[in-house]
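K.L.:
Here's a structure for you.
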There are 6 protein chains.
Amino acid sequence: MRILLLNPNTTVAMTDRMMAVASQAAQPGTELVPATAPRGVPYIASRSEAQIGGAVVLEMLAERHRSIDAAIAAAFGDPGLMAARELFDVPVVGMAEAAMLTACMLGGRFSIVSFSPTLAPWFKECVEMHKLTERCASIRTLTGPVEDVVAVQEQKEDLLVELCLKAVEEDGAEIIVLAGAPLVGLASRIKNRVPVPVVDQIIAAVKQAETLVGMSVRSASVGSFSRPGPKASIGLPEALCGWIGNDERRAVQLDLVNP
Amino acid sequence: MRILLLNPNTTVAMTDRMMAVASQAAQPGTELVPATAPRGVPYIASRSEAQIGGAVVLEMLAERHRSIDAAIAAAFGDPGLMAARELFDVPVVGMAEAAMLTACMLGGRFSIVSFSPTLAPWFKECVEMHKLTERCASIRTLTGPVEDVVAVQEQKEDLLVELCLKAVEEDGAEIIVLAGAPLVGLASRIKNRVPVPVVDQIIAAVKQAETLVGMSVRSASVGSFSRPGPKASIGLPEALCGWIGNDERRAVQLDLVNP
Amino acid sequence: MRILLLNPNTTVAMTDRMMAVASQAAQPGTELVPATAPRGVPYIASRSEAQIGGAVVLEMLAERHRSIDAAIAAAFGDPGLMAARELFDVPVVGMAEAAMLTACMLGGRFSIVSFSPTLAPWFKECVEMHKLTERCASIRTLTGPVEDVVAVQEQKEDLLVELCLKAVEEDGAEIIVLAGAPLVGLASRIKNRVPVPVVDQIIAAVKQAETLVGMSVRSASVGSFSRPGPKASIGLPEALCGWIGNDERRAVQLDLVNP
Amino acid sequence: MRILLLNPNTTVAMTDRMMAVASQAAQPGTELVPATAPRGVPYIASRSEAQIGGAVVLEMLAERHRSIDAAIAAAFGDPGLMAARELFDVPVVGMAEAAMLTACMLGGRFSIVSFSPTLAPWFKECVEMHKLTERCASIRTLTGPVEDVVAVQEQKEDLLVELCLKAVEEDGAEIIVLAGAPLVGLASRIKNRVPVPVVDQIIAAVKQAETLVGMSVRSASVGSFSRPGPKASIGLPEALCGWIGNDERRAVQLDLVNP
Amino acid sequence: MRILLLNPNTTVAMTDRMMAVASQAAQPGTELVPATAPRGVPYIASRSEAQIGGAVVLEMLAERHRSIDAAIAAAFGDPGLMAARELFDVPVVGMAEAAMLTACMLGGRFSIVSFSPTLAPWFKECVEMHKLTERCASIRTLTGPVEDVVAVQEQKEDLLVELCLKAVEEDGAEIIVLAGAPLVGLASRIKNRVPVPVVDQIIAAVKQAETLVGMSVRSASVGSFSRPGPKASIGLPEALCGWIGNDERRAVQLDLVNP
Amino acid sequence: MRILLLNPNTTVAMTDRMMAVASQAAQPGTELVPATAPRGVPYIASRSEAQIGGAVVLEMLAERHRSIDAAIAAAFGDPGLMAARELFDVPVVGMAEAAMLTACMLGGRFSIVSFSPTLAPWFKECVEMHKLTERCASIRTLTGPVEDVVAVQEQKEDLLVELCLKAVEEDGAEIIVLAGAPLVGLASRIKNRVPVPVVDQIIAAVKQAETLVGMSVRSASVGSFSRPGPKASIGLPEALCGWIGNDERRAVQLDLVNP
């Protein structure tokens, strides 16, 4: 199966690191296809950046969805996730969603640990979007300035472990979710320093994308997650405009239903 | 005061109608400035269209926010509202938000009445975004096809009144909120056929924008609704790229605080 | 339009101060009419005092509602608000309600800041009554004794600013609502010392009362906020007894509906 | 022990009936003391009537609390309950509260069944006040006109049984709470026609009042349910004014604590 | 009436102490019948122990339910309570349930105070099971090791009082519930050292069991708390197997309904 | 990896069917190990049966947990799940939990569809245990008698499809979860007759068990899901008694932490 690892940020080094960790976790037969946002910001960290980045996710999927079996929206706040799930027929998994739902199977309440305080409100809204507030013990972030987003996990490993321990001791966290693309891969390195399970977001996302493909469910043809009817548009990129406007899907779907 | 009436849809006739109704409700001294989305879809009606439209809202505000006192995001699901409130320093009011909060002061629970079933899930998420679920008695929509979005309120007036009455009788609605830009202006025409208050969304939005300007509060300089720090970006429209990237705001703000 | 500024407390100096601040915020054409409770306590600060004061609100409105366009129940816990909204046909706005709903349009979560700890539980119940718990970051109050309720805002300005800052820093408040009639007018004085918007309760109440009148909605004739059917009573003040017992309203309403 | 059965309605026949049923359920040694509201309406059925009636509850308790061990606020919506619990040192039980909490021990979710639709919104707010929304399956009421409140349980027994059966079958009610003073005593008559437990509100109230006295707990001297500090007032009935204004309680309390 | 005091723990000394306190609170005519778990652990303190202990509760009740009028599941987390309430026709009261519901009538929010941190998560789930989360201000426990469960209330009385005071001062507790069978009887000893009501769990349980018997309600014959239909089983103790498998109940019930 | 497929019911034919479907979905390298409850009831369908069956789950795991990498509690209400997760160090996945969390990644709200009304209240409590109430659109079950639990999916296929369609059309279900061991395998047969994704519970469980093993997280050594300290017990099966009583785990764990 082919799984698109779609990075809504414009930083290629981040995509590379996610690919490296994800590849080790993928099952035999899974091909991971990387893609980095061609426009937007280096690292999405607020509502407005997520609003823009989520639209870019749709543009990127419009170009690639026909050649993949599933996609991962590989940014922790899940920008554009629900819009993508509605608009396209392939399964789309959010990196935050996958990490949090996987965490749920390992205990009662998880804490989200990340590296910058500006992320916390956005992550909180992501937890609420998935209706997981009651499962979330806390969101904790480092407070100092972040000099290099790509290197932050190495530079601040000890502080992040300390944060995990505080989440466990003071907030009652029974699982830790390390959050934010820059922290991908850190879980395996610190897991023996933290006394509860630590979830790696990109590994969770790959396993959940594999799960959805392995379920071989059909996509919805009615309801709020079915593809909207064809609609004219102006000023959108060609592939997105085409997919929003065209009705070729109905023919495809009938073939699937009555082969 | 100058209030931007920003229509995230690309249909100019819709902007015109909203301007006509809004103008009658504005207090003396309020100048309404219309703007219609230069790219996107004629009428936003789903998550993916709102994801795109919300990004367009940011682009439009980036060009205009310096010359206005407040803005109205004039589409009922409030696309881009929280992102805009975070990114810009002028007050931004959502048309759904204004209508629902105003309704709260007229009774206990409101029902949202609109013309197309595809809108309901998006509107429901909008209610949840504003944490008003407990105040919302129901969302009811017509079920037939909509031939002409601009004319729907005239063509289906009787059916819409019937829907209002059902919301009152079966769902316990104590206020009706007519939802969706195409229904602007309908409230005054049907209010004597519905036995509870009927809120007009654009009138509510204008009055609330005036209220916020009248409060003369400052914008937040800390917290999740303060403008994010300067950030490089690629591929964004010039005005948006400039506002996201530039740090001129800090100087401006200091001037405001210590004039 | 004529708006009744109804103070459920018996302290005239409090009414005077509210009138002074409210007058500056009212739009041209708004006439504010003051009224001070003829019986009850100098300053309502608990459930039992609000139970009594809320009944006094009804007595006061029974005497005045025919000559006004809207009323403000000008005590922060909104004593008698829902009862008044049910019983009378004019719009009635609560000072807490108006302040909190206005705050909602300026960010995500507000904190309520006040001067006495005895107020906090009552204010919490007020937040719950309006179903705004999820929008309320915290309720913070000073802890020392209050020697002079009327002068408390001058005497404790610095401590109150400190409290606002703590709400922002420790509770994540994105808006501050200064609560309690004795704090009316303080917002404009401290707004440059607090890094998020500060809402003045009486200004919010005046603007929202103007909004409701400007909406020109009809009052409910069915549902839980429609006037109860005529009922005999014993021992109530004459105007209240008359309004509860009499059925003259139906005639009036028919006139409004079919002029 | 002496338990005050306080009827906030002005209808003496209602008090009499409640006394008759309550007396049969009281344990040996319990003396029930009846009191009927001297002012107000014959039967409280709305928010505004409850606002007034709740204030009357305080007036009545101010005159009687020194000579009783506990009190029952014997109207289903619990008017004035929390105010009374705060202001007086004797335990005060609400008839709705007692019925609903007792119902909780007999299954999962209860339905409230009553005789008039105007009661439903008020009862719903009562359920919310006690934070029992998740335990309440539904509120069902008869819809026809009520000619004689005192005789309604005999006249409409069959319709009320039908309502109970619908609550069980359609709403999943696992317990029925018959609500409203006029239905006191009906439970024992219909219990064999309803396939789940039926709670009689006044019996529940008497047993719970006995329970609270039997627990011999002290009253709170701190917190939101401790008696507010002494306060001057104007225009209140003598006993209430005296209790609100006087500080004799502190002496009494010290005696209790250090006998 | 005969009330079974069923201790799901295997410690007889604990049963004895509960009997001693319970006997003093029982009304004349109440006979308390003790029973101690014949298998399981000395003191249930976790989910897995409660899973096992709850099954033992069913085994014990299967042997005794025919000769009693009500039962108390006398362990604070209420192991097996809902299963027992479903399976048997006599009222079954949980010790936690009784204590918490009784506490609700004495104020707004209670805190649970106990002696070991391992109990807190289990007690939290118990609060959630009863849907009382909004009424629970906090759960506080001592942190040191517990050398002797039976003697802990004497050995740590001062620390427990301190915990109560912290719950009142820092968490806003308006009532204290002392939790865990080893703390039975402590309430009366410390009540003058704590400024809010302190509920004794076993006294609450006895009074509530008496209340349920005093209500003389019938058991449910439909719904999720009616006895499941007869079912074959293998490997269960004889009395439990017999009650699960046999249909004698229907005859008994008809006799009760139509005597 | 070795995954235990643990059936808490005593029906071997049910285990066989689950093995058949699960085997087709397992990835290469996964060995599924079946186990059927040696005591209990043929098919768990109520709280009391789940209380007993959950204890049996612990007994079965005590015998097998050392030779497996993960376990599936293969009954839809997840009997004993949280207790097992607490007591043992291997990951344990509930069949309901896995199905529901997987469903969450395919849309907004799922409906649970099953074959007997007696299951609905138990399944509802399972949804609540996992805090997924907001994600659950409805629980729908057939109403007629079930003659043969093992054959019900063939006998009532058409009725079950009809139920799925009603859930989609009337309840807004965006995903269907077929619930109850007897419906395992049905999803693939009906998926083209239902216009939204249909989740097969055992396939979801296998994929999620594989996911957890693939995450290679450590088990918790602190918090409420860490193994309780050693405890004496009486009357429990030997393996369970040994695991509860023994402290050999600590040595093992240290080896894992510091290899």
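FYI, nothing fancy with the structure tokens labels: chains A, B, ... in order, residues from 1 per chain, ligands from 1 as they appear.
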Should the cut-off be 12 Å, what would the residue list for chain C against chain A look like, counting only C-alpha atoms, as a ChimeraX atom specification?

P.N.:
/C:107-109,134,172-174

K.L.:
Name all residues at most 9 Å from Arg17 in chain B (count only C-alpha atoms; drop same-chain ones fewer than 2 positions away) and give them as a ChimeraX atom specification.

P.N.:
/B:12-15,19-22,150,181-182,184-185

K.L.:
Based on the backbone DSSP call, show me all residues of range 43-198 of chain F assigned helix (DSSP H, G or I), as a PyMOL selection string.

P.N.:
chain F and resi 47-67+81-87+95-104+117-129+133-135+149-155+157-171+181-183+186-193

K.L.:
Residues near range 138-144 of chain D, anyone? I mean within 12 Å using only C-alpha atoms, not counting same-chain ones fewer than 3 positions away, as JSON, numbers by chain.

P.N.:
{"D": [109, 110, 111, 112, 113, 114, 115, 116, 117, 118, 119, 120, 121, 122, 123, 124, 125, 126, 127, 132, 133, 134, 135, 147, 148, 152, 153, 155, 156, 157, 158, 159, 160, 161, 162, 163, 164, 165, 166, 167, 168, 169, 170, 171, 172, 173, 174, 175, 176, 177, 178, 179, 180]}

K.L.:
Determine the nearest neighbour of Gly229 in chain C from the options C:Ala187, C:Ala45, C:Ile52, C:Leu87, counting only C-alpha atoms.

P.N.:
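Of the candidates, the smallest distance to Gly229 in chain C is held by C:Leu87.
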
K.L.:
Fewer than 4 positions away in the same chain doesn't count, so skip those; otherwise give me all residues within 12 Å of Gly242 in chain F, counting only C-alpha atoms, as a list in words.

P.N.:
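These residues fall inside the cut-off: Glu59, Ala62, Glu63, Pro230, Lys231, Ala232, Ser233, Ile234, Gly235, Leu236, Pro237, Glu238, Asn246, Asp247, Glu248 and Arg249 of chain F.
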
K.L.:
Which residues are close to Pro34 in chain E, i.e. within 10 Å by only C-alpha atoms, leaving aside same-chain residues fewer than 5 positions away? Reply as number ranges by chain.

P.N.:
E: 3-7, 12, 15-16, 18-19, 71-72

K.L.:
Those same residues, written as an mmCIF file, in the first residue's frame with N, CA and C atoms?

P.N.:
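Once written, out.cif looks like this:
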```cif
data_model
loop_
_atom_site.group_PDB
_atom_site.id
_atom_site.type_symbol
_atom_site.label_atom_id
_atom_site.label_comp_id
_atom_site.auth_asym_id
_atom_site.auth_seq_id
_atom_site.Cartn_x
_atom_site.Cartn_y
_atom_site.Cartn_z
ATOM 1 N N ILE E 3 -31.392 -5.341 57.121
ATOM 2 C CA ILE E 3 -30.482 -4.769 56.133
ATOM 3 C C ILE E 3 -29.145 -5.506 56.193
ATOM 4 N N LEU E 4 -28.746 -6.019 55.050
ATOM 5 C CA LEU E 4 -27.473 -6.739 54.961
ATOM 6 C C LEU E 4 -26.323 -5.740 54.830
ATOM 7 N N LEU E 5 -25.382 -5.819 55.758
ATOM 8 C CA LEU E 5 -24.185 -4.993 55.643
ATOM 9 C C LEU E 5 -23.100 -5.887 55.057
ATOM 10 N N LEU E 6 -22.932 -5.792 53.745
ATOM 11 C CA LEU E 6 -22.078 -6.722 53.008
ATOM 12 C C LEU E 6 -20.704 -6.101 52.776
ATOM 13 N N ASN E 7 -19.706 -6.652 53.380
ATOM 14 C CA ASN E 7 -18.338 -6.155 53.217
ATOM 15 C C ASN E 7 -17.640 -6.949 52.115
ATOM 16 N N VAL E 12 -12.484 -9.257 58.578
ATOM 17 C CA VAL E 12 -13.626 -9.283 59.495
ATOM 18 C C VAL E 12 -13.602 -8.088 60.458
ATOM 19 N N THR E 15 -15.523 -5.330 59.040
ATOM 20 C CA THR E 15 -16.972 -5.543 59.147
ATOM 21 C C THR E 15 -17.446 -5.192 60.552
ATOM 22 N N ASP E 16 -16.678 -5.620 61.545
ATOM 23 C CA ASP E 16 -17.067 -5.373 62.932
ATOM 24 C C ASP E 16 -17.156 -3.874 63.221
ATOM 25 N N MET E 18 -17.628 -1.465 61.099
ATOM 26 C CA MET E 18 -18.775 -0.876 60.383
ATOM 27 C C MET E 18 -20.073 -1.198 61.107
ATOM 28 N N MET E 19 -20.194 -2.423 61.606
ATOM 29 C CA MET E 19 -21.414 -2.796 62.340
ATOM 30 C C MET E 19 -21.572 -1.915 63.583
ATOM 31 N N ALA E 71 -29.791 -4.201 50.965
ATOM 32 C CA ALA E 71 -28.385 -4.522 51.210
ATOM 33 C C ALA E 71 -27.532 -3.285 51.026
ATOM 34 N N ILE E 72 -26.434 -3.252 51.764
ATOM 35 C CA ILE E 72 -25.428 -2.207 51.589
ATOM 36 C C ILE E 72 -24.157 -2.866 51.065
#
```

K.L.:
Mind checking DSSP for range 43-200 of chain B and telling me the strand (DSSP E or B) residues as a list of chain:residue names?

P.N.:
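Strand (DSSP E or B) assignments inside range 43-200 of chain B correspond to B:Ala70, B:Ala71, B:Ile72, B:Ala73, B:Val92, B:Val93, B:Gly94, B:Phe110, B:Ser111, B:Ile112, B:Val113, B:Ser114, B:Cys136, B:Ala137, B:Ser138, B:Ile139, B:Arg140, B:Thr141, B:Ile175, B:Ile176, B:Val177, B:Leu178, B:Val198, B:Val199, B:Asp200.
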
K.L.:
Can you pull out every residue within 12 Å of Arg2 in chain D, counting only C-alpha atoms, but drop anything in the same chain fewer than 6 positions away, and send it as an NGL selection string?

P.N.:
:D and (26-34 or 64-72 or 90-91 or 206 or 209-210 or 213)

K.L.:
May I have the residues from that selection written out with C-alpha atoms, as a CSV table (one decimal), in the first residue's frame?

P.N.:
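Result saved to result_35.csv:
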```csv
chain,number,residue,atom,x,y,z
D,26,ALA,CA,-42.5,9.5,59.0
D,27,GLN,CA,-40.6,7.4,61.5
D,28,PRO,CA,-41.8,7.3,65.1
D,29,GLY,CA,-40.5,10.3,66.9
D,30,THR,CA,-40.8,12.6,63.9
D,31,GLU,CA,-43.1,15.5,64.3
D,32,LEU,CA,-44.2,17.3,61.1
D,33,VAL,CA,-45.0,21.0,61.4
D,34,PRO,CA,-47.0,22.4,58.5
D,64,ARG,CA,-39.7,29.3,62.3
D,65,HIS,CA,-36.1,28.0,62.0
D,66,ARG,CA,-35.3,28.3,65.7
D,67,SER,CA,-37.9,25.8,66.7
D,68,ILE,CA,-37.3,23.0,64.1
D,69,ASP,CA,-34.6,20.4,63.4
D,70,ALA,CA,-35.0,20.5,59.6
D,71,ALA,CA,-37.2,21.9,56.9
D,72,ILE,CA,-38.7,20.7,53.7
D,90,VAL,CA,-30.9,23.9,60.1
D,91,PRO,CA,-30.9,21.4,57.2
D,206,VAL,CA,-39.5,13.3,54.8
D,209,ALA,CA,-34.9,15.2,56.2
D,210,GLU,CA,-34.9,12.5,58.8
D,213,VAL,CA,-31.1,15.0,61.2
```

K.L.:
Between CA of Gly80 in chain E and CA of Arg47 in chain F, what is the spacing in Å?

P.N.:
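CA of Gly80 in chain E lies 8.9 Å from CA of Arg47 in chain F.
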
K.L.:
List the neighbours of Ala220 in chain E out to 10 Å using only C-alpha atoms; skip same-chain residues closer than 3 positions along the sequence, and give me the result as a PyMOL selection string.

P.N.:
(chain D and resi 106-107+174-175+194-198) or (chain E and resi 85-86+89+217+223-227)

K.L.:
Between CA of Arg193 in chain A and CA of Ala84 in chain F, what is the distance, to one decimal in Å?

P.N.:
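About the pair CA of Arg193 in chain A and CA of Ala84 in chain F: they are 24.5 Å apart.
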
K.L.:
Quick one: distance from CA of Pro38 in chain C to CA of Thr10 in chain C in Å, one decimal?

P.N.:
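A separation of 6.2 Å between them.
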